[in-house]
$ cat model04.cif   # mmCIF, C-alpha atoms
data_work
loop_
_atom_site.group_PDB
_atom_site.id
_atom_site.type_symbol
_atom_site.label_atom_id
_atom_site.label_comp_id
_atom_site.auth_asym_id
_atom_site.auth_seq_id
_atom_site.Cartn_x
_atom_site.Cartn_y
_atom_site.Cartn_z
ATOM 1 C CA MET Y 11 -5.833 -28.608 10.636
ATOM 2 C CA GLU Y 12 -9.085 -28.067 12.488
ATOM 3 C CA TRP Y 13 -7.480 -25.264 14.536
ATOM 4 C CA LEU Y 14 -6.855 -23.425 11.248
ATOM 5 C CA THR Y 15 -10.337 -23.773 9.773
ATOM 6 C CA ALA Y 16 -12.629 -23.968 12.807
ATOM 7 C CA PRO Y 17 -12.932 -20.189 13.406
ATOM 8 C CA PHE Y 18 -13.920 -19.525 9.812
ATOM 9 C CA GLU Y 19 -16.796 -21.993 9.929
ATOM 10 C CA VAL Y 20 -18.655 -19.432 12.038
ATOM 11 C CA THR Y 21 -20.708 -16.965 10.011
ATOM 12 C CA PHE Y 22 -19.729 -13.766 11.839
ATOM 13 C CA VAL Y 23 -16.025 -14.649 11.572
ATOM 14 C CA GLN Y 24 -16.458 -15.253 7.842
ATOM 15 C CA ARG Y 25 -18.008 -11.795 7.482
ATOM 16 C CA ALA Y 26 -15.175 -10.323 9.541
ATOM 17 C CA LEU Y 27 -12.639 -11.967 7.224
ATOM 18 C CA TRP Y 28 -14.309 -10.583 4.110
ATOM 19 C CA ALA Y 29 -14.590 -7.163 5.714
ATOM 20 C CA GLY Y 30 -10.916 -7.149 6.668
ATOM 21 C CA MET Y 31 -9.874 -8.183 3.177
ATOM 22 C CA LEU Y 32 -11.997 -5.430 1.618
ATOM 23 C CA VAL Y 33 -10.632 -2.866 4.072
ATOM 24 C CA SER Y 34 -7.089 -3.994 3.237
ATOM 25 C CA ALA Y 35 -7.751 -3.533 -0.470
ATOM 26 C CA ILE Y 36 -9.266 -0.072 0.140
ATOM 27 C CA CYS Y 37 -6.411 1.054 2.379
ATOM 28 C CA ALA Y 38 -3.629 -0.245 0.112
ATOM 29 C CA PRO Y 39 -3.778 2.521 -2.567
ATOM 30 C CA ALA Y 40 -4.274 5.386 -0.114
ATOM 31 C CA GLY Y 41 -1.762 3.941 2.336
ATOM 32 C CA THR Y 42 0.886 3.605 -0.360
ATOM 33 C CA TRP Y 43 0.721 7.318 -1.169
ATOM 34 C CA VAL Y 44 0.662 8.156 2.558
ATOM 35 C CA VAL Y 45 3.880 6.186 3.069
ATOM 36 C CA LEU Y 46 5.607 7.514 -0.043
ATOM 37 C CA ARG Y 47 4.798 11.138 0.824
ATOM 38 C CA GLY Y 48 5.446 10.833 4.562
ATOM 39 C CA MET Y 49 1.854 11.735 5.459
ATOM 40 C CA ALA Y 50 1.368 9.398 8.443
ATOM 41 C CA PHE Y 51 0.541 12.294 10.772
ATOM 42 C CA LEU Y 52 -2.099 13.487 8.310
ATOM 43 C CA GLY Y 53 -3.625 10.003 8.281
ATOM 44 C CA ASP Y 54 -3.752 9.991 12.074
ATOM 45 C CA ALA Y 55 -5.324 13.456 12.128
ATOM 46 C CA MET Y 56 -7.893 12.475 9.497
ATOM 47 C CA SER Y 57 -8.925 9.354 11.397
ATOM 48 C CA HIS Y 58 -9.416 11.199 14.694
ATOM 49 C CA GLY Y 59 -11.030 14.131 12.907
ATOM 50 C CA LEU Y 60 -14.043 11.929 12.161
ATOM 51 C CA LEU Y 61 -15.126 12.011 15.811
ATOM 52 C CA PRO Y 62 -17.330 15.162 15.714
ATOM 53 C CA GLY Y 63 -19.467 13.913 12.838
ATOM 54 C CA VAL Y 64 -19.741 10.399 14.242
ATOM 55 C CA ALA Y 65 -20.529 11.704 17.731
ATOM 56 C CA LEU Y 66 -23.171 14.129 16.456
ATOM 57 C CA ALA Y 67 -24.779 11.395 14.343
ATOM 58 C CA ALA Y 68 -24.868 9.072 17.377
ATOM 59 C CA LEU Y 69 -26.318 11.807 19.591
ATOM 60 C CA LEU Y 70 -29.069 12.594 17.061
ATOM 61 C CA GLY Y 71 -29.740 8.948 16.238
ATOM 62 C CA GLY Y 72 -28.511 9.325 12.665
ATOM 63 C CA ASN Y 73 -26.279 7.215 10.423
ATOM 64 C CA LEU Y 74 -22.709 7.093 11.748
ATOM 65 C CA MET Y 75 -21.286 6.670 8.249
ATOM 66 C CA VAL Y 76 -22.945 9.878 7.077
ATOM 67 C CA GLY Y 77 -21.514 11.716 10.072
ATOM 68 C CA ALA Y 78 -18.063 10.336 9.322
ATOM 69 C CA VAL Y 79 -18.325 11.455 5.691
ATOM 70 C CA VAL Y 80 -19.271 14.996 6.752
ATOM 71 C CA SER Y 81 -16.284 15.181 9.124
ATOM 72 C CA ALA Y 82 -13.962 13.777 6.451
ATOM 73 C CA VAL Y 83 -15.123 16.463 4.005
ATOM 74 C CA VAL Y 84 -14.535 19.167 6.628
ATOM 75 C CA MET Y 85 -11.061 17.816 7.405
ATOM 76 C CA THR Y 86 -10.164 17.560 3.720
ATOM 77 C CA ALA Y 87 -11.340 21.092 3.017
ATOM 78 C CA GLY Y 88 -9.545 22.404 6.101
ATOM 79 C CA VAL Y 89 -6.233 20.736 5.273
ATOM 80 C CA THR Y 90 -6.466 21.926 1.668
ATOM 81 C CA ALA Y 91 -7.250 25.518 2.678
ATOM 82 C CA LEU Y 92 -4.538 25.710 5.343
ATOM 83 C CA GLY Y 93 -2.044 24.161 2.919
ATOM 84 C CA ARG Y 94 -2.465 27.250 0.716
ATOM 85 C CA THR Y 95 -1.729 29.653 3.568
ATOM 86 C CA PRO Y 96 1.944 30.648 3.308
ATOM 87 C CA ARG Y 97 2.224 31.852 6.915
ATOM 88 C CA ILE Y 98 1.203 28.498 8.409
ATOM 89 C CA SER Y 99 3.187 25.313 7.821
ATOM 90 C CA GLN Y 100 1.225 22.258 6.766
ATOM 91 C CA ASP Y 101 2.130 20.350 9.939
ATOM 92 C CA THR Y 102 0.918 23.236 12.091
ATOM 93 C CA GLY Y 103 -2.379 23.438 10.244
ATOM 94 C CA ILE Y 104 -2.933 19.698 10.430
ATOM 95 C CA GLY Y 105 -2.087 19.687 14.139
ATOM 96 C CA LEU Y 106 -4.537 22.498 14.870
ATOM 97 C CA LEU Y 107 -7.305 20.783 12.916
ATOM 98 C CA PHE Y 108 -6.510 17.506 14.669
ATOM 99 C CA VAL Y 109 -6.800 18.997 18.158
ATOM 100 C CA GLY Y 110 -9.799 21.151 17.280
ATOM 101 C CA MET Y 111 -11.842 18.363 15.698
ATOM 102 C CA LEU Y 112 -10.932 15.849 18.407
ATOM 103 C CA SER Y 113 -11.850 18.307 21.165
ATOM 104 C CA LEU Y 114 -15.151 19.141 19.479
ATOM 105 C CA GLY Y 115 -15.899 15.444 19.140
ATOM 106 C CA VAL Y 116 -15.236 14.733 22.798
ATOM 107 C CA ILE Y 117 -17.459 17.686 23.784
ATOM 108 C CA ILE Y 118 -20.298 16.316 21.656
ATOM 109 C CA VAL Y 119 -19.837 12.747 22.893
ATOM 110 C CA SER Y 120 -19.822 13.954 26.517
ATOM 111 C CA ARG Y 121 -23.415 15.076 25.975
ATOM 112 C CA SER Y 122 -24.419 11.471 25.311
ATOM 113 C CA GLU Y 123 -25.596 9.206 28.138
ATOM 114 C CA SER Y 124 -23.577 6.337 26.666
ATOM 115 C CA PHE Y 125 -20.291 8.264 26.507
ATOM 116 C CA ALA Y 126 -17.969 5.323 27.274
ATOM 117 C CA VAL Y 127 -19.668 2.893 24.906
ATOM 118 C CA ASP Y 128 -19.824 5.350 22.006
ATOM 119 C CA LEU Y 129 -16.196 6.452 22.366
ATOM 120 C CA THR Y 130 -14.898 2.894 22.765
ATOM 121 C CA GLY Y 131 -16.727 1.773 19.645
ATOM 122 C CA PHE Y 132 -15.344 4.715 17.691
ATOM 123 C CA LEU Y 133 -11.761 4.143 18.839
ATOM 124 C CA PHE Y 134 -11.577 0.360 18.531
ATOM 125 C CA GLY Y 135 -14.410 -0.686 16.211
ATOM 126 C CA ASP Y 136 -15.915 -4.179 16.181
ATOM 127 C CA VAL Y 137 -14.814 -6.309 13.272
ATOM 128 C CA LEU Y 138 -16.853 -9.281 14.532
ATOM 129 C CA ALA Y 139 -20.096 -7.278 14.330
ATOM 130 C CA VAL Y 140 -19.908 -6.716 10.561
ATOM 131 C CA ARG Y 141 -23.216 -7.163 8.753
ATOM 132 C CA GLU Y 142 -23.899 -8.081 5.147
ATOM 133 C CA ARG Y 143 -24.846 -4.501 4.258
ATOM 134 C CA ASP Y 144 -21.484 -3.367 5.674
ATOM 135 C CA LEU Y 145 -19.781 -5.671 3.180
ATOM 136 C CA LEU Y 146 -21.799 -4.051 0.397
ATOM 137 C CA VAL Y 147 -20.717 -0.576 1.519
ATOM 138 C CA LEU Y 148 -17.090 -1.720 1.619
ATOM 139 C CA ALA Y 149 -17.387 -3.202 -1.884
ATOM 140 C CA VAL Y 150 -18.726 0.115 -3.221
ATOM 141 C CA ALA Y 151 -15.968 2.019 -1.412
ATOM 142 C CA LEU Y 152 -13.375 -0.302 -2.942
ATOM 143 C CA SER Y 153 -14.744 0.350 -6.426
ATOM 144 C CA VAL Y 154 -14.525 4.113 -5.884
ATOM 145 C CA ALA Y 155 -11.022 3.863 -4.402
ATOM 146 C CA LEU Y 156 -9.784 1.808 -7.363
ATOM 147 C CA ALA Y 157 -11.348 4.216 -9.858
ATOM 148 C CA VAL Y 158 -9.751 7.251 -8.183
ATOM 149 C CA SER Y 159 -6.400 5.459 -7.933
ATOM 150 C CA VAL Y 160 -6.377 4.528 -11.612
ATOM 151 C CA LEU Y 161 -7.574 7.897 -12.915
ATOM 152 C CA GLY Y 162 -5.291 9.912 -10.638
ATOM 153 C CA HIS Y 163 -2.244 7.623 -10.724
ATOM 154 C CA ARG Y 164 -0.107 9.793 -13.003
ATOM 155 C CA ALA Y 165 -0.860 12.989 -11.062
ATOM 156 C CA PHE Y 166 -0.350 11.277 -7.688
ATOM 157 C CA LEU Y 167 2.970 9.881 -8.887
ATOM 158 C CA ALA Y 168 4.262 13.246 -10.051
ATOM 159 C CA LEU Y 169 3.014 14.882 -6.849
ATOM 160 C CA ALA Y 170 4.765 12.284 -4.675
ATOM 161 C CA PHE Y 171 8.181 12.658 -6.296
ATOM 162 C CA ASP Y 172 8.273 16.223 -7.663
ATOM 163 C CA ALA Y 173 5.367 18.644 -7.180
ATOM 164 C CA ARG Y 174 7.028 21.239 -9.431
ATOM 165 C CA LYS Y 175 7.196 18.733 -12.265
ATOM 166 C CA ALA Y 176 3.507 18.022 -11.780
ATOM 167 C CA THR Y 177 2.826 21.711 -12.366
ATOM 168 C CA THR Y 178 5.067 21.720 -15.462
ATOM 169 C CA LEU Y 179 3.199 18.727 -16.881
ATOM 170 C CA GLY Y 180 -0.131 20.446 -16.325
ATOM 171 C CA LEU Y 181 -1.318 17.836 -13.823
ATOM 172 C CA ARG Y 182 -2.850 20.397 -11.421
ATOM 173 C CA PRO Y 183 -1.084 19.356 -8.216
ATOM 174 C CA ARG Y 184 -3.534 21.188 -5.947
ATOM 175 C CA LEU Y 185 -6.444 19.231 -7.391
ATOM 176 C CA ALA Y 186 -4.398 16.033 -7.208
ATOM 177 C CA HIS Y 187 -3.609 16.749 -3.544
ATOM 178 C CA ALA Y 188 -7.306 17.301 -2.813
ATOM 179 C CA LEU Y 189 -8.203 14.039 -4.570
ATOM 180 C CA LEU Y 190 -5.504 12.250 -2.597
ATOM 181 C CA LEU Y 191 -6.962 13.612 0.633
ATOM 182 C CA GLY Y 192 -10.360 12.410 -0.548
ATOM 183 C CA LEU Y 193 -8.934 8.942 -1.221
ATOM 184 C CA LEU Y 194 -7.413 8.909 2.260
ATOM 185 C CA GLY Y 195 -10.689 10.053 3.776
ATOM 186 C CA LEU Y 196 -12.584 7.354 1.900
ATOM 187 C CA ALA Y 197 -10.273 4.647 3.232
ATOM 188 C CA ILE Y 198 -10.620 5.904 6.802
ATOM 189 C CA VAL Y 199 -14.401 6.386 6.658
ATOM 190 C CA ALA Y 200 -14.912 2.937 5.174
ATOM 191 C CA SER Y 201 -12.648 1.309 7.766
ATOM 192 C CA PHE Y 202 -13.243 3.081 11.070
ATOM 193 C CA HIS Y 203 -16.345 1.088 12.070
ATOM 194 C CA ILE Y 204 -14.502 -2.161 11.322
ATOM 195 C CA VAL Y 205 -11.243 -1.687 13.259
ATOM 196 C CA GLY Y 206 -11.749 1.761 14.824
ATOM 197 C CA THR Y 207 -9.840 4.974 14.335
ATOM 198 C CA LEU Y 208 -6.949 4.037 16.628
ATOM 199 C CA LEU Y 209 -6.337 0.831 14.694
ATOM 200 C CA VAL Y 210 -7.168 1.889 11.136
ATOM 201 C CA LEU Y 211 -3.650 3.268 10.715
ATOM 202 C CA GLY Y 212 -2.389 -0.284 11.259
ATOM 203 C CA LEU Y 213 -3.966 -1.398 7.967
ATOM 204 C CA LEU Y 214 -3.435 1.963 6.283
ATOM 205 C CA ILE Y 215 0.306 2.337 6.907
ATOM 206 C CA ALA Y 216 1.847 -0.954 8.059
ATOM 207 C CA PRO Y 217 1.146 -3.106 4.939
ATOM 208 C CA PRO Y 218 2.468 -0.522 2.403
ATOM 209 C CA ALA Y 219 5.483 0.171 4.615
ATOM 210 C CA ALA Y 220 6.133 -3.569 4.854
ATOM 211 C CA ALA Y 221 5.782 -3.971 1.079
ATOM 212 C CA LEU Y 222 8.098 -1.088 0.220
ATOM 213 C CA PRO Y 223 11.454 -2.972 0.460
ATOM 214 C CA TRP Y 224 10.228 -5.775 -1.812
ATOM 215 C CA ALA Y 225 8.181 -4.106 -4.552
ATOM 216 C CA ARG Y 226 9.723 -2.664 -7.721
ATOM 217 C CA SER Y 227 6.936 -0.233 -8.575
ATOM 218 C CA VAL Y 228 4.207 1.810 -6.926
ATOM 219 C CA ARG Y 229 1.543 -0.548 -8.233
ATOM 220 C CA GLY Y 230 3.593 -3.443 -6.858
ATOM 221 C CA VAL Y 231 3.601 -1.807 -3.420
ATOM 222 C CA MET Y 232 -0.186 -1.454 -3.579
ATOM 223 C CA ALA Y 233 -0.748 -5.067 -4.624
ATOM 224 C CA LEU Y 234 1.624 -6.476 -2.020
ATOM 225 C CA ALA Y 235 0.149 -4.190 0.654
ATOM 226 C CA ALA Y 236 -3.350 -5.493 -0.084
ATOM 227 C CA LEU Y 237 -2.053 -9.069 0.182
ATOM 228 C CA LEU Y 238 -0.243 -8.391 3.466
ATOM 229 C CA GLY Y 239 -3.350 -6.701 4.860
ATOM 230 C CA ALA Y 240 -5.440 -9.737 3.932
ATOM 231 C CA LEU Y 241 -2.897 -12.056 5.579
ATOM 232 C CA ALA Y 242 -2.906 -9.874 8.699
ATOM 233 C CA THR Y 243 -6.694 -10.081 8.769
ATOM 234 C CA PHE Y 244 -6.708 -13.870 8.437
ATOM 235 C CA GLY Y 245 -3.928 -14.368 10.977
ATOM 236 C CA GLY Y 246 -5.339 -11.790 13.375
ATOM 237 C CA LEU Y 247 -8.783 -13.358 13.405
ATOM 238 C CA LEU Y 248 -7.243 -16.803 13.859
ATOM 239 C CA LEU Y 249 -5.108 -15.680 16.803
ATOM 240 C CA SER Y 250 -7.992 -13.736 18.286
ATOM 241 C CA TRP Y 251 -10.210 -16.820 18.202
ATOM 242 C CA HIS Y 252 -7.705 -19.108 19.904
ATOM 243 C CA LEU Y 253 -6.203 -16.555 22.330
ATOM 244 C CA SER Y 254 -9.475 -14.761 23.190
ATOM 245 C CA THR Y 255 -8.048 -11.341 22.333
ATOM 246 C CA ALA Y 256 -9.671 -8.292 20.735
ATOM 247 C CA ALA Y 257 -10.051 -9.100 17.039
ATOM 248 C CA GLY Y 258 -9.444 -5.631 15.552
ATOM 249 C CA ALA Y 259 -6.432 -4.950 17.753
ATOM 250 C CA THR Y 260 -4.948 -8.358 16.948
ATOM 251 C CA VAL Y 261 -5.302 -7.742 13.213
ATOM 252 C CA ALA Y 262 -3.624 -4.329 13.494
ATOM 253 C CA ALA Y 263 -0.860 -5.694 15.742
ATOM 254 C CA LEU Y 264 -0.104 -8.484 13.272
ATOM 255 C CA ALA Y 265 0.054 -5.956 10.416
ATOM 256 C CA VAL Y 266 2.623 -3.941 12.379
ATOM 257 C CA ALA Y 267 4.540 -7.163 13.158
ATOM 258 C CA PHE Y 268 4.704 -7.859 9.405
ATOM 259 C CA PHE Y 269 6.304 -4.420 8.957
ATOM 260 C CA PHE Y 270 9.101 -5.140 11.448
ATOM 261 C CA LEU Y 271 9.626 -8.643 10.045
ATOM 262 C CA SER Y 272 9.758 -7.309 6.488
ATOM 263 C CA HIS Y 273 12.394 -4.700 7.278
ATOM 264 C CA ALA Y 274 14.432 -7.157 9.348
ATOM 265 C CA LEU Y 275 14.503 -9.610 6.431
ATOM 266 C CA SER Y 276 15.279 -6.774 4.030
ATOM 267 C CA GLY Y 277 18.242 -5.762 6.185
ATOM 268 C CA LEU Y 278 19.569 -9.328 6.170
ATOM 269 C CA ARG Y 279 19.192 -9.481 2.402
ATOM 270 C CA HIS Y 280 21.166 -6.284 1.878
ATOM 271 C CA ARG Y 281 23.929 -7.432 4.216
ATOM 272 C CA ARG Y 282 24.283 -10.671 2.264
ATOM 273 C CA THR Y 283 24.372 -8.703 -0.976
ATOM 274 C CA ARG Y 284 27.250 -6.564 0.315
ATOM 275 C CA ARG Y 285 29.185 -9.675 1.346
ATOM 276 C CA ASP Y 286 28.794 -11.271 -2.084
ATOM 277 C CA PRO Y 287 32.195 -10.976 -3.866
ATOM 278 C CA ALA Y 288 30.745 -11.720 -7.278
ATOM 279 C CA PRO Y 289 31.170 -8.742 -9.670
ATOM 280 C CA THR Y 290 27.479 -8.390 -10.339
ATOM 281 C CA PRO Y 291 25.846 -5.002 -10.960
ATOM 282 C CA ALA Y 292 24.249 -3.468 -7.902
ATOM 283 C CA PRO Y 293 20.481 -4.043 -7.954
ATOM 284 C CA THR Y 294 18.035 -1.170 -8.014
ATOM 285 C CA PRO Y 295 17.110 -0.416 -4.382
ATOM 286 C CA ALA Y 296 13.757 -2.023 -3.698
ATOM 287 C CA SER Y 297 12.964 0.671 -1.186
ATOM 288 C CA VAL Y 298 12.448 3.190 -4.007
ATOM 289 C CA PRO Y 299 9.680 1.870 -6.301
ATOM 290 C CA ALA Y 300 10.122 2.456 -9.999
ATOM 291 C CA VAL Y 301 7.915 5.041 -11.645
ATOM 292 C CA ASP Y 302 5.103 3.338 -13.522
#
$ encode --input "model04.cif" --output "structure tokens"
Amino acid sequence: MEWLTAPFEVTFVQRALWAGMLVSAICAPAGTWVVLRGMAFLGDAMSHGLLPGVALAALLGGNLMVGAVVSAVVMTAGVTALGRTPRISQDTGIGLLFVGMLSLGVIIVSRSESFAVDLTGFLFGDVLAVRERDLLVLAVALSVALAVSVLGHRAFLALAFDARKATTLGLRPRLAHALLLGLLGLAIVASFHIVGTLLVLGLLIAPPAAALPWARSVRGVMALAALLGALATFGGLLLSWHLSTAAGATVAALAVAFFFLSHALSGLRHRRTRRDPAPTPAPTPASVPAVD
């Protein structure tokens, strides 16, 4: 079993494992709502929309995390404002913000002498370069994400399944939508320097999507997504060590592989259920989590 444990005897791999597990736990709540509401494009736009702030911070020698937070706030405010404009569809607004922020970021990065290095680090991250203070930041981000998820759970649930009902119940859907965007931004900002913006969607979307056919509630999807993300992190780091592949990309690829495996197994399960002649009541579809 040395091949299984040897990589994790190295300190920087241990830190990478902890970082990946924390990122998985942070992404699970936000990713669940992204999957349930069909907001994958928004997640992609948010992740790439961080580039201007990160690029400007790098150019000025500032903190990249602060730059990412500023860009996330701008993206959140922009999406919220455009979502209230009746003449512009939400997809159109998000697409325009996506292109505008990405273009601005590339313009800023092109002013840097280390253009290729900066852009590569932003896109792909470096999970093996995680430091102890990064783990502390991730732990704080996880605490905030859990607090927002618990406090806003009822409003997020109503917003995901029936926005009009959320208004009837006095849950302030616009505020809930803004908080949900903030939760998504928090997950992306906390994760981009670990796996990069191109790969963060792997941990943000793939684990909840893989958990969806098997969980019976929204909280169940979140818990299973966090577990699958942690398994993808462990397996990805293990494969990366033995195959000499990029660690962050391997983790994200394994998370996506879990999604396809999960839905393939779910399809087999449903086919067997249809073949069963026993007069048993049809089970509640696992693909639609119960309201809790």
$ atom_distance --input "model04.cif" --atom1 "CA of Pro17 (chain Y)" --atom2 "CA of Ala257 (chain Y)"
12.0 Å
$ residues_around --input "model04.cif" --residues "Val266 (chain Y)" --least-positions-apart "3" --cutoff "6 Å" --atoms "all atoms listed in the file" --output "list in words"
Ala216, Ala263 and Phe269 of chain Y
$ atom_distance --input "model04.cif" --atom1 "CA of Gly103 (chain Y)" --atom2 "CA of Phe166 (chain Y)"
21.8 Å
$ resolve_selection --input "model04.cif" --expression "the PyMOL selection byres ((chain Y and resi 22) around 8)" --output "list in words"
Val20, Thr21, Val23, Gln24, Arg25, Ala26, Leu138, Ala139 and Val140 of chain Y
$ resolve_selection --input "model04.cif" --expression "the PyMOL selection byres ((chain Y and resi 54-61) around 10)" --output "ChimeraX atom specification"
/Y:49-53,62-67,74-75,77-86,89,104-116,118-119,129,132-133,191,194-195,197-199,201-202,206-211,214
$ closest_residue --input "model04.cif" --among "Y:Pro223, Y:Asp144, Y:Thr102, Y:Leu161" --to "Arg279 (chain Y)" --atoms "only C-alpha atoms"
Y:Pro223
